[in-house]
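Next comes my_file.pdb, with PDB, C-alpha atoms.
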```pdb
ATOM      1  CA  MET A   1      93.747  41.424 255.599
ATOM      2  CA  SER A   2      95.033  37.870 255.392
ATOM      3  CA  PRO A   3      93.076  35.341 253.273
ATOM      4  CA  PHE A   4      89.901  34.173 254.963
ATOM      5  CA  VAL A   5      89.746  30.528 255.936
ATOM      6  CA  LEU A   6      86.383  28.987 255.152
ATOM      7  CA  LEU A   7      85.683  26.102 257.464
ATOM      8  CA  THR A   8      83.178  23.320 257.013
ATOM      9  CA  ILE A   9      80.086  23.963 259.112
ATOM     10  CA  LEU A  10      78.942  20.944 261.067
ATOM     11  CA  CYS A  11      76.205  20.875 263.688
ATOM     12  CA  LEU A  12      77.747  19.116 266.589
ATOM     13  CA  GLY A  13      77.483  18.319 270.289
ATOM     14  CA  VAL A  14      79.525  16.420 272.840
ATOM     15  CA  ALA A  15      78.652  13.629 275.251
ATOM     16  CA  ARG A  16      80.538  11.165 277.440
ATOM     17  CA  ASP A  17      81.717   7.584 277.306
ATOM     18  CA  THR A  18      79.605   4.818 278.729
ATOM     19  CA  GLN A  19      79.684   3.350 282.232
ATOM     20  CA  SER A  20      77.399   1.144 284.341
ATOM     21  CA  SER A  21      73.923   2.179 285.493
ATOM     22  CA  ASP A  22      72.974   3.820 288.803
ATOM     23  CA  PRO A  23      69.583   2.574 290.104
ATOM     24  CA  SER A  24      69.041   5.808 292.036
ATOM     25  CA  LEU A  25      68.632   7.591 288.695
ATOM     26  CA  ASP A  26      65.856   5.323 287.421
ATOM     27  CA  SER A  27      63.070   7.877 287.804
ATOM     28  CA  GLU A  28      65.090  10.682 286.201
ATOM     29  CA  TRP A  29      65.988   8.393 283.308
ATOM     30  CA  GLN A  30      62.355   7.513 282.688
ATOM     31  CA  GLU A  31      61.279  11.170 282.897
ATOM     32  CA  TRP A  32      64.014  12.180 280.457
ATOM     33  CA  LYS A  33      62.998   9.482 277.959
ATOM     34  CA  ILE A  34      59.380  10.597 278.091
ATOM     35  CA  LYS A  35      60.259  14.268 277.747
ATOM     36  CA  TYR A  36      62.380  13.689 274.636
ATOM     37  CA  ASP A  37      60.384  10.771 273.226
ATOM     38  CA  LYS A  38      63.274   8.292 273.404
ATOM     39  CA  ASN A  39      62.684   4.633 272.632
ATOM     40  CA  TYR A  40      65.390   1.949 272.527
ATOM     41  CA  SER A  41      65.784  -1.760 271.948
ATOM     42  CA  LEU A  42      66.645  -3.809 275.040
ATOM     43  CA  GLU A  43      70.280  -4.032 273.938
ATOM     44  CA  GLU A  44      70.567  -0.311 273.191
ATOM     45  CA  GLU A  45      68.813   0.788 276.379
ATOM     46  CA  GLY A  46      71.714  -0.076 278.679
ATOM     47  CA  GLN A  47      74.287   1.546 276.424
ATOM     48  CA  ARG A  48      72.370   4.797 276.084
ATOM     49  CA  ARG A  49      71.511   4.818 279.780
ATOM     50  CA  ALA A  50      75.205   4.648 280.703
ATOM     51  CA  VAL A  51      76.062   7.546 278.375
ATOM     52  CA  TRP A  52      73.178   9.565 279.790
ATOM     53  CA  GLU A  53      74.356   8.950 283.365
ATOM     54  CA  GLU A  54      77.837  10.219 282.611
ATOM     55  CA  ASN A  55      76.369  13.357 281.054
ATOM     56  CA  MET A  56      74.098  13.774 284.075
ATOM     57  CA  LYS A  57      77.104  13.662 286.426
ATOM     58  CA  VAL A  58      78.930  16.317 284.415
ATOM     59  CA  VAL A  59      75.883  18.575 284.329
ATOM     60  CA  LYS A  60      75.127  18.251 288.047
ATOM     61  CA  GLN A  61      78.741  18.979 288.993
ATOM     62  CA  HIS A  62      78.778  22.030 286.740
ATOM     63  CA  ASN A  63      75.587  23.366 288.306
ATOM     64  CA  ILE A  64      76.992  22.859 291.804
ATOM     65  CA  GLU A  65      79.935  25.038 290.752
ATOM     66  CA  TYR A  66      77.489  27.568 289.302
ATOM     67  CA  ASP A  67      75.776  27.814 292.691
ATOM     68  CA  GLN A  68      79.206  28.400 294.212
ATOM     69  CA  GLY A  69      79.831  31.285 291.814
ATOM     70  CA  LYS A  70      82.539  29.491 289.828
ATOM     71  CA  ASN A  71      80.868  29.974 286.439
ATOM     72  CA  ASN A  72      78.159  32.145 284.891
ATOM     73  CA  PHE A  73      75.916  29.656 283.120
ATOM     74  CA  THR A  74      73.874  26.569 283.878
ATOM     75  CA  MET A  75      73.620  23.230 282.097
ATOM     76  CA  GLU A  76      70.861  20.655 281.582
ATOM     77  CA  VAL A  77      70.761  17.145 280.151
ATOM     78  CA  ASN A  78      68.731  17.843 277.036
ATOM     79  CA  ALA A  79      67.841  15.803 273.946
ATOM     80  CA  PHE A  80      71.551  15.137 273.278
ATOM     81  CA  GLY A  81      71.983  13.382 276.634
ATOM     82  CA  ASP A  82      72.293   9.872 275.183
ATOM     83  CA  MET A  83      74.968  10.687 272.600
ATOM     84  CA  THR A  84      78.625   9.742 273.066
ATOM     85  CA  GLY A  85      81.655  11.875 272.480
ATOM     86  CA  GLU A  86      82.907   9.345 269.948
ATOM     87  CA  GLU A  87      79.766   9.758 267.862
ATOM     88  CA  PHE A  88      80.365  13.472 267.619
ATOM     89  CA  ARG A  89      84.114  13.195 267.118
ATOM     90  CA  LYS A  90      83.522  11.035 264.042
ATOM     91  CA  MET A  91      81.548  13.936 262.604
ATOM     92  CA  MET A  92      84.425  16.328 263.250
ATOM     93  CA  ILE A  93      87.430  14.504 261.761
ATOM     94  CA  ASP A  94      88.956  15.319 258.370
ATOM     95  CA  ILE A  95      87.258  18.707 258.073
ATOM     96  CA  PRO A  96      88.438  20.174 254.752
ATOM     97  CA  VAL A  97      89.863  23.687 255.036
ATOM     98  CA  LEU A  98      89.019  25.744 251.966
ATOM     99  CA  ARG A  99      90.824  28.961 251.138
ATOM    100  CA  PHE A 100      89.595  31.737 248.896
ATOM    101  CA  ARG A 101      90.438  35.339 248.263
ATOM    102  CA  LYS A 102      88.380  37.471 250.588
ATOM    103  CA  LYS A 103      86.653  40.386 248.931
ATOM    104  CA  LYS A 104      86.292  43.770 250.574
ATOM    105  CA  SER A 105      84.579  43.208 253.879
ATOM    106  CA  ILE A 106      82.479  45.318 256.186
ATOM    107  CA  GLN A 107      84.751  47.184 258.568
ATOM    108  CA  SER A 108      84.002  48.667 261.972
ATOM    109  CA  HIS A 109      82.693  52.241 262.011
ATOM    110  CA  THR A 110      82.226  52.944 265.687
ATOM    111  CA  GLY A 111      82.549  56.717 265.536
ATOM    112  CA  GLY A 112      78.768  57.054 265.764
ATOM    113  CA  TYR A 113      76.453  56.021 268.570
ATOM    114  CA  LEU A 114      75.688  52.324 268.988
ATOM    115  CA  PRO A 115      72.966  51.240 271.412
ATOM    116  CA  LYS A 116      73.989  49.337 274.536
ATOM    117  CA  PHE A 117      71.274  46.758 273.969
ATOM    118  CA  VAL A 118      70.095  45.241 270.684
ATOM    119  CA  ASP A 119      67.458  42.517 270.311
ATOM    120  CA  TRP A 120      66.014  42.199 266.812
ATOM    121  CA  ARG A 121      63.339  39.805 268.059
ATOM    122  CA  ARG A 122      61.573  42.757 269.645
ATOM    123  CA  ARG A 123      61.401  44.549 266.309
ATOM    124  CA  GLY A 124      59.908  41.635 264.387
ATOM    125  CA  TYR A 125      62.999  40.524 262.450
ATOM    126  CA  VAL A 126      63.222  36.954 263.822
ATOM    127  CA  THR A 127      61.038  33.898 263.218
ATOM    128  CA  SER A 128      60.413  31.092 265.703
ATOM    129  CA  VAL A 129      63.190  28.740 266.816
ATOM    130  CA  LYS A 130      63.566  25.688 264.578
ATOM    131  CA  ASN A 131      64.910  22.194 265.272
ATOM    132  CA  GLN A 132      67.336  20.724 262.747
ATOM    133  CA  GLY A 133      67.153  17.242 264.327
ATOM    134  CA  ARG A 134      69.919  14.809 263.386
ATOM    135  CA  CYS A 135      70.499  16.526 260.028
ATOM    136  CA  ASN A 136      73.629  18.725 260.037
ATOM    137  CA  SER A 137      71.719  21.639 258.545
ATOM    138  CA  CYS A 138      72.625  24.446 260.959
ATOM    139  CA  TRP A 139      74.189  26.316 258.004
ATOM    140  CA  ALA A 140      70.838  26.255 256.172
ATOM    141  CA  PHE A 141      68.896  27.616 259.148
ATOM    142  CA  SER A 142      71.504  30.311 259.787
ATOM    143  CA  VAL A 143      71.344  31.577 256.202
ATOM    144  CA  ALA A 144      67.549  31.325 255.933
ATOM    145  CA  SER A 145      67.165  33.245 259.200
ATOM    146  CA  ALA A 146      69.537  36.015 258.120
ATOM    147  CA  ILE A 147      67.584  36.445 254.871
ATOM    148  CA  GLU A 148      64.304  36.476 256.798
ATOM    149  CA  GLY A 149      65.490  39.455 258.798
ATOM    150  CA  GLN A 150      66.595  41.474 255.792
ATOM    151  CA  MET A 151      63.408  40.679 253.900
ATOM    152  CA  PHE A 152      61.410  41.938 256.878
ATOM    153  CA  ARG A 153      63.503  45.095 256.896
ATOM    154  CA  LYS A 154      62.692  45.624 253.207
ATOM    155  CA  THR A 155      59.035  44.565 253.060
ATOM    156  CA  GLY A 156      57.697  44.712 256.619
ATOM    157  CA  ARG A 157      56.595  41.069 256.302
ATOM    158  CA  LEU A 158      58.198  38.269 258.309
ATOM    159  CA  VAL A 159      58.144  34.999 256.361
ATOM    160  CA  SER A 160      59.766  31.781 257.589
ATOM    161  CA  LEU A 161      62.024  30.589 254.765
ATOM    162  CA  SER A 162      62.811  27.018 253.763
ATOM    163  CA  ALA A 163      65.935  25.418 255.195
ATOM    164  CA  GLN A 164      64.896  22.217 253.421
ATOM    165  CA  ASN A 165      65.124  24.043 250.089
ATOM    166  CA  LEU A 166      68.760  24.761 250.909
ATOM    167  CA  VAL A 167      69.521  21.236 252.133
ATOM    168  CA  ASP A 168      68.076  19.674 248.965
ATOM    169  CA  CYS A 169      69.235  22.121 246.321
ATOM    170  CA  SER A 170      72.564  23.756 247.242
ATOM    171  CA  ARG A 171      74.804  20.748 246.560
ATOM    172  CA  PRO A 172      75.983  22.203 243.187
ATOM    173  CA  GLU A 173      77.533  25.109 245.096
ATOM    174  CA  GLY A 174      79.543  22.730 247.288
ATOM    175  CA  ASN A 175      77.243  21.752 250.174
ATOM    176  CA  ARG A 176      76.599  18.149 251.174
ATOM    177  CA  GLY A 177      73.030  18.066 252.417
ATOM    178  CA  CYS A 178      72.717  16.608 255.910
ATOM    179  CA  ILE A 179      76.436  15.816 256.050
ATOM    180  CA  SER A 180      77.837  19.348 256.031
ATOM    181  CA  GLY A 181      77.521  22.776 254.485
ATOM    182  CA  HIS A 182      79.017  26.241 254.287
ATOM    183  CA  THR A 183      77.138  29.465 254.861
ATOM    184  CA  PHE A 184      79.281  31.097 252.151
ATOM    185  CA  TYR A 185      78.193  28.525 249.561
ATOM    186  CA  THR A 186      74.617  28.740 250.765
ATOM    187  CA  PHE A 187      74.354  32.505 250.323
ATOM    188  CA  LYS A 188      75.969  32.021 246.922
ATOM    189  CA  TYR A 189      73.341  29.429 246.002
ATOM    190  CA  VAL A 190      70.424  31.719 246.913
ATOM    191  CA  TRP A 191      72.046  34.574 244.986
ATOM    192  CA  ASN A 192      72.714  32.502 241.855
ATOM    193  CA  ASN A 193      69.538  30.454 242.047
ATOM    194  CA  GLY A 194      67.212  33.424 241.962
ATOM    195  CA  GLY A 195      65.518  32.888 245.280
ATOM    196  CA  LEU A 196      64.355  30.715 248.138
ATOM    197  CA  GLU A 197      60.965  29.236 248.911
ATOM    198  CA  ALA A 198      59.007  29.739 252.119
ATOM    199  CA  GLU A 199      58.835  27.012 254.726
ATOM    200  CA  SER A 200      55.088  26.802 254.078
ATOM    201  CA  THR A 201      55.631  25.622 250.480
ATOM    202  CA  TYR A 202      58.827  23.639 251.117
ATOM    203  CA  PRO A 203      58.610  22.287 254.708
ATOM    204  CA  TYR A 204      61.515  20.906 256.701
ATOM    205  CA  GLU A 205      61.993  17.115 256.702
ATOM    206  CA  GLY A 206      65.331  16.710 258.464
ATOM    207  CA  ARG A 207      66.842  14.633 255.659
ATOM    208  CA  GLU A 208      68.200  15.332 252.194
ATOM    209  CA  GLY A 209      65.863  14.761 249.277
ATOM    210  CA  HIS A 210      65.339  15.615 245.633
ATOM    211  CA  CYS A 211      65.449  19.352 244.860
ATOM    212  CA  ARG A 212      61.873  20.577 244.386
ATOM    213  CA  TYR A 213      62.494  24.340 244.211
ATOM    214  CA  LEU A 214      60.123  26.240 241.920
ATOM    215  CA  PRO A 215      61.116  29.814 240.940
ATOM    216  CA  GLU A 216      57.487  30.913 240.783
ATOM    217  CA  ARG A 217      57.144  30.048 244.490
ATOM    218  CA  SER A 218      60.197  32.032 245.552
ATOM    219  CA  ALA A 219      59.509  34.022 248.733
ATOM    220  CA  ALA A 220      62.868  35.817 248.978
ATOM    221  CA  ARG A 221      65.694  36.926 246.702
ATOM    222  CA  ILE A 222      69.057  38.482 247.475
ATOM    223  CA  LYS A 223      71.306  40.811 245.482
ATOM    224  CA  GLY A 224      74.438  39.442 247.090
ATOM    225  CA  PHE A 225      75.982  39.065 250.514
ATOM    226  CA  SER A 226      78.732  40.714 252.534
ATOM    227  CA  ILE A 227      81.503  39.420 254.763
ATOM    228  CA  ILE A 228      82.090  41.212 258.065
ATOM    229  CA  SER A 229      85.623  41.884 259.296
ATOM    230  CA  SER A 230      86.681  39.300 261.857
ATOM    231  CA  THR A 231      86.559  41.570 264.913
ATOM    232  CA  GLU A 232      83.966  41.936 267.629
ATOM    233  CA  GLU A 233      83.892  45.696 267.013
ATOM    234  CA  ALA A 234      82.912  45.230 263.365
ATOM    235  CA  LEU A 235      80.393  42.560 264.323
ATOM    236  CA  MET A 236      78.797  44.803 266.951
ATOM    237  CA  ASN A 237      78.504  47.600 264.411
ATOM    238  CA  ALA A 238      76.909  45.260 261.871
ATOM    239  CA  VAL A 239      74.322  43.708 264.177
ATOM    240  CA  ALA A 240      73.394  47.132 265.563
ATOM    241  CA  THR A 241      72.915  48.823 262.198
ATOM    242  CA  ILE A 242      71.997  46.039 259.753
ATOM    243  CA  GLY A 243      70.048  43.364 261.600
ATOM    244  CA  PRO A 244      70.516  39.658 262.421
ATOM    245  CA  ILE A 245      73.831  38.238 261.201
ATOM    246  CA  SER A 246      74.789  34.699 260.155
ATOM    247  CA  VAL A 247      77.784  33.637 262.258
ATOM    248  CA  GLY A 248      79.841  30.524 262.954
ATOM    249  CA  ILE A 249      81.056  29.406 266.375
ATOM    250  CA  ASP A 250      83.040  26.630 268.008
ATOM    251  CA  ALA A 251      80.337  24.435 269.532
ATOM    252  CA  SER A 252      82.439  21.314 270.054
ATOM    253  CA  HIS A 253      82.252  21.253 273.856
ATOM    254  CA  GLU A 254      79.770  19.455 276.121
ATOM    255  CA  SER A 255      79.208  22.716 277.968
ATOM    256  CA  PHE A 256      77.660  24.083 274.767
ATOM    257  CA  THR A 257      75.686  20.925 274.077
ATOM    258  CA  PHE A 258      74.012  21.049 277.494
ATOM    259  CA  TYR A 259      73.864  24.829 277.968
ATOM    260  CA  SER A 260      70.610  25.967 279.565
ATOM    261  CA  GLY A 261      71.037  29.602 280.665
ATOM    262  CA  GLY A 262      73.341  32.456 281.688
ATOM    263  CA  ILE A 263      76.365  33.922 279.889
ATOM    264  CA  TYR A 264      78.289  31.117 278.222
ATOM    265  CA  TYR A 265      82.073  31.145 278.640
ATOM    266  CA  GLU A 266      84.105  28.029 277.821
ATOM    267  CA  PRO A 267      87.896  28.263 278.411
ATOM    268  CA  LYS A 268      88.472  25.503 275.841
ATOM    269  CA  CYS A 269      86.638  27.375 273.080
ATOM    270  CA  ARG A 270      88.710  28.186 269.991
ATOM    271  CA  ASN A 271      88.446  31.645 268.434
ATOM    272  CA  LYS A 272      89.617  30.838 264.904
ATOM    273  CA  THR A 273      87.858  27.535 264.227
ATOM    274  CA  VAL A 274      84.101  27.232 263.782
ATOM    275  CA  ASN A 275      81.935  24.141 263.383
ATOM    276  CA  HIS A 276      78.371  25.319 263.983
ATOM    277  CA  ALA A 277      76.296  28.058 262.330
ATOM    278  CA  VAL A 278      73.819  30.186 264.271
ATOM    279  CA  LEU A 279      72.061  33.547 263.969
ATOM    280  CA  LEU A 280      73.292  36.555 265.910
ATOM    281  CA  VAL A 281      70.216  38.590 266.871
ATOM    282  CA  GLY A 282      71.624  41.100 269.342
ATOM    283  CA  TYR A 283      73.876  41.912 272.261
ATOM    284  CA  GLY A 284      73.789  43.472 275.723
ATOM    285  CA  TYR A 285      75.101  43.064 279.263
ATOM    286  CA  GLU A 286      73.917  41.902 282.674
ATOM    287  CA  GLY A 287      74.229  43.968 285.844
ATOM    288  CA  LYS A 288      76.337  47.070 285.333
ATOM    289  CA  GLU A 289      78.202  47.531 282.069
ATOM    290  CA  SER A 290      81.410  47.995 284.049
ATOM    291  CA  ASP A 291      81.026  44.497 285.519
ATOM    292  CA  GLY A 292      82.184  43.020 282.222
ATOM    293  CA  ARG A 293      79.177  40.678 281.933
ATOM    294  CA  LYS A 294      78.623  41.470 278.259
ATOM    295  CA  TYR A 295      77.047  39.004 275.896
ATOM    296  CA  TRP A 296      76.068  38.219 272.335
ATOM    297  CA  LEU A 297      72.510  36.925 271.867
ATOM    298  CA  ILE A 298      72.362  34.016 269.431
ATOM    299  CA  LYS A 299      69.521  31.912 268.022
ATOM    300  CA  ASN A 300      70.313  28.204 267.701
ATOM    301  CA  SER A 301      68.543  25.531 265.644
ATOM    302  CA  HIS A 302      68.177  22.778 268.263
ATOM    303  CA  GLY A 303      64.594  23.558 269.223
ATOM    304  CA  GLU A 304      63.069  25.591 272.043
ATOM    305  CA  GLU A 305      64.002  23.005 274.684
ATOM    306  CA  TRP A 306      67.701  23.772 274.188
ATOM    307  CA  GLY A 307      69.250  26.708 276.047
ATOM    308  CA  MET A 308      67.065  29.716 276.844
ATOM    309  CA  ASN A 309      64.030  28.714 274.770
ATOM    310  CA  GLY A 310      66.387  28.068 271.863
ATOM    311  CA  TYR A 311      68.719  31.017 272.504
ATOM    312  CA  MET A 312      72.108  31.536 274.136
ATOM    313  CA  LYS A 313      73.982  34.427 275.690
ATOM    314  CA  LEU A 314      77.624  34.031 274.658
ATOM    315  CA  ALA A 315      80.431  36.009 276.327
ATOM    316  CA  ARG A 316      81.230  39.257 274.466
ATOM    317  CA  GLY A 317      84.491  41.144 274.647
ATOM    318  CA  TRP A 318      86.603  38.082 275.480
ATOM    319  CA  ASN A 319      88.969  37.938 272.510
ATOM    320  CA  ASN A 320      86.401  36.751 269.954
ATOM    321  CA  HIS A 321      85.158  33.999 272.269
ATOM    322  CA  CYS A 322      84.287  30.747 270.456
ATOM    323  CA  GLY A 323      85.063  32.474 267.145
ATOM    324  CA  ILE A 324      81.826  34.495 267.130
ATOM    325  CA  ALA A 325      83.318  37.126 264.779
ATOM    326  CA  THR A 326      85.389  34.765 262.631
ATOM    327  CA  TYR A 327      82.715  33.698 260.145
ATOM    328  CA  ALA A 328      80.073  36.431 259.833
ATOM    329  CA  PHE A 329      77.904  37.269 256.803
ATOM    330  CA  TYR A 330      74.712  39.110 255.990
ATOM    331  CA  PRO A 331      72.616  39.161 252.793
ATOM    332  CA  ARG A 332      71.809  42.196 250.656
ATOM    333  CA  VAL A 333      68.195  42.176 249.446
TER     334      VAL A 333
END
```
What does the file become when written as C-alpha cells?
Amino acid sequence: MSPFVLLTILCLGVARDTQSSDPSLDSEWQEWKIKYDKNYSLEEEGQRRAVWEENMKVVKQHNIEYDQGKNNFTMEVNAFGDMTGEEFRKMMIDIPVLRFRKKKSIQSHTGGYLPKFVDWRRRGYVTSVKNQGRCNSCWAFSVASAIEGQMFRKTGRLVSLSAQNLVDCSRPEGNRGCISGHTFYTFKYVWNNGGLEAESTYPYEGREGHCRYLPERSAARIKGFSIISSTEEALMNAVATIGPISVGIDASHESFTFYSGGIYYEPKCRNKTVNHAVLLVGYGYEGKESDGRKYWLIKNSHGEEWGMNGYMKLARGWNNHCGIATYAFYPRV
C-alpha cells in the first residue's frame, strides 16, 4: 500500500459573502439570534445579518430542490449562519501535508456475515453529543469518543472522556490546541502519556489552557491504536466488528455546514482530502437495500442542534464519499 498521507484536521464550515438586508426576513433574523444566543455591536449587526441572509437563500433554495426530489437531504441555517466563506477559507489555507510510513493496517475480511444495520448507540457505546464551539478541537472529540466506546466494550461502563485534556496536553506530540490537530498524534499522546482523564474531572472549556492532567485521575488507557485500510469495505468490517471508529471527512462545503437531515451527498466532496474529524457509529440503508440509499452514521461535535440531533447520515458506497474511509483509526485498550 502506498504511504499514507496524514492531513491536518481542522473543524470547518462554509458560509457566504455579505449583501444588503431584506426587511421581510426581520422576524426570522430575530428568532435565529435568540435561538443561538447571538449578540452584536451596531456596526457588526448589519454585516452578520447580510451573511446570514445569503446563507438563508442558499438553504431555502436547496430545500425547494429537496421537495422536488433533486437531492436526498435537507439543510437549515444553524449556529454557523453568520459566518462568511472567507473566515473559513483562512482556516483552510497552507495545510501542512505530513507523510509517514504506514504500519500494517486492518484489512477487509468480508467472508463472514456482517449485519445490514449497525448502530453502536443502541448498545451503550456512545456518549452524548458534544459542542466544540469555536475551538478547532474536532480531532480531540473524535479520539475521546472512540476510546469511550472501546472502554465500554472492555469494562461495561460508559464514561465521557476529556477532550479538553487532549486540547491542553497533546501539543508535544504535534497538535496545536484550538488551531489544529491530528487524530494520529492524539492517539499517540494518549498511548504515550499513560491515559486520559474523564470529562467530569477535566471539563471542556473551548479554549487551550495549561495542561492539568493528573495520572492518578486517569479514566482510560490504551495499549495502542490501529489504522484501517482506506476502503469502505474495510471500514464496514471494522465498525461492524470492533465498535465506533475515529474517521476524517471533507467537511469544507456549505451543504455540510447547514446539513439538517437525510442522506448527505455532495458532488464537490473530495475523497482523498479530509479536514474534519468525527466518530463513525454505524451504517445502514433507507428503503430497500437495492435502492442504493446506503449510509454511514456519524457523530459530529457541533452540538445537538446541528444535523439530526448532532448526527449525520453520509452516503455509503459512493467511491469513498467525502473521504470517509481515508483517515480511519481505532484504539486498542
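Distances here use all atoms listed in the file; by that measure, the residue among A:Arg48, A:His62, A:Arg332, A:Lys38 closest to Arg153 (chain A) is A:Arg332.
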What is the distance, in Å and to one decimal place, between CA of Leu196 (chain A) and CA of Pro215 (chain A)?
7.9 Å
Using the chain letters and residue numbers of this document, give as a PyMOL selection string the residues selected by the PyMOL selection byres ((chain A and resi 312-319) around 7).
chain A and resi 261-265+294-299+307-308+311+320-321
Rank nothing, just name the residue among A:Ala219, A:Val239, A:Met83, A:Ile64 nearest to Phe117 (chain A), using all atoms listed in the file.
A:Val239
Which residues match the PyMOL selection byres ((chain A and resi 129) around 10) in the file above, as a list in words?
Val126, Thr127, Ser128, Lys130, Asn131, Gln132, Phe141, Ser145, Lys299, Asn300, Ser301, His302, Gly303, Glu304, Glu305, Trp306, Asn309, Gly310 and Tyr311 of chain A
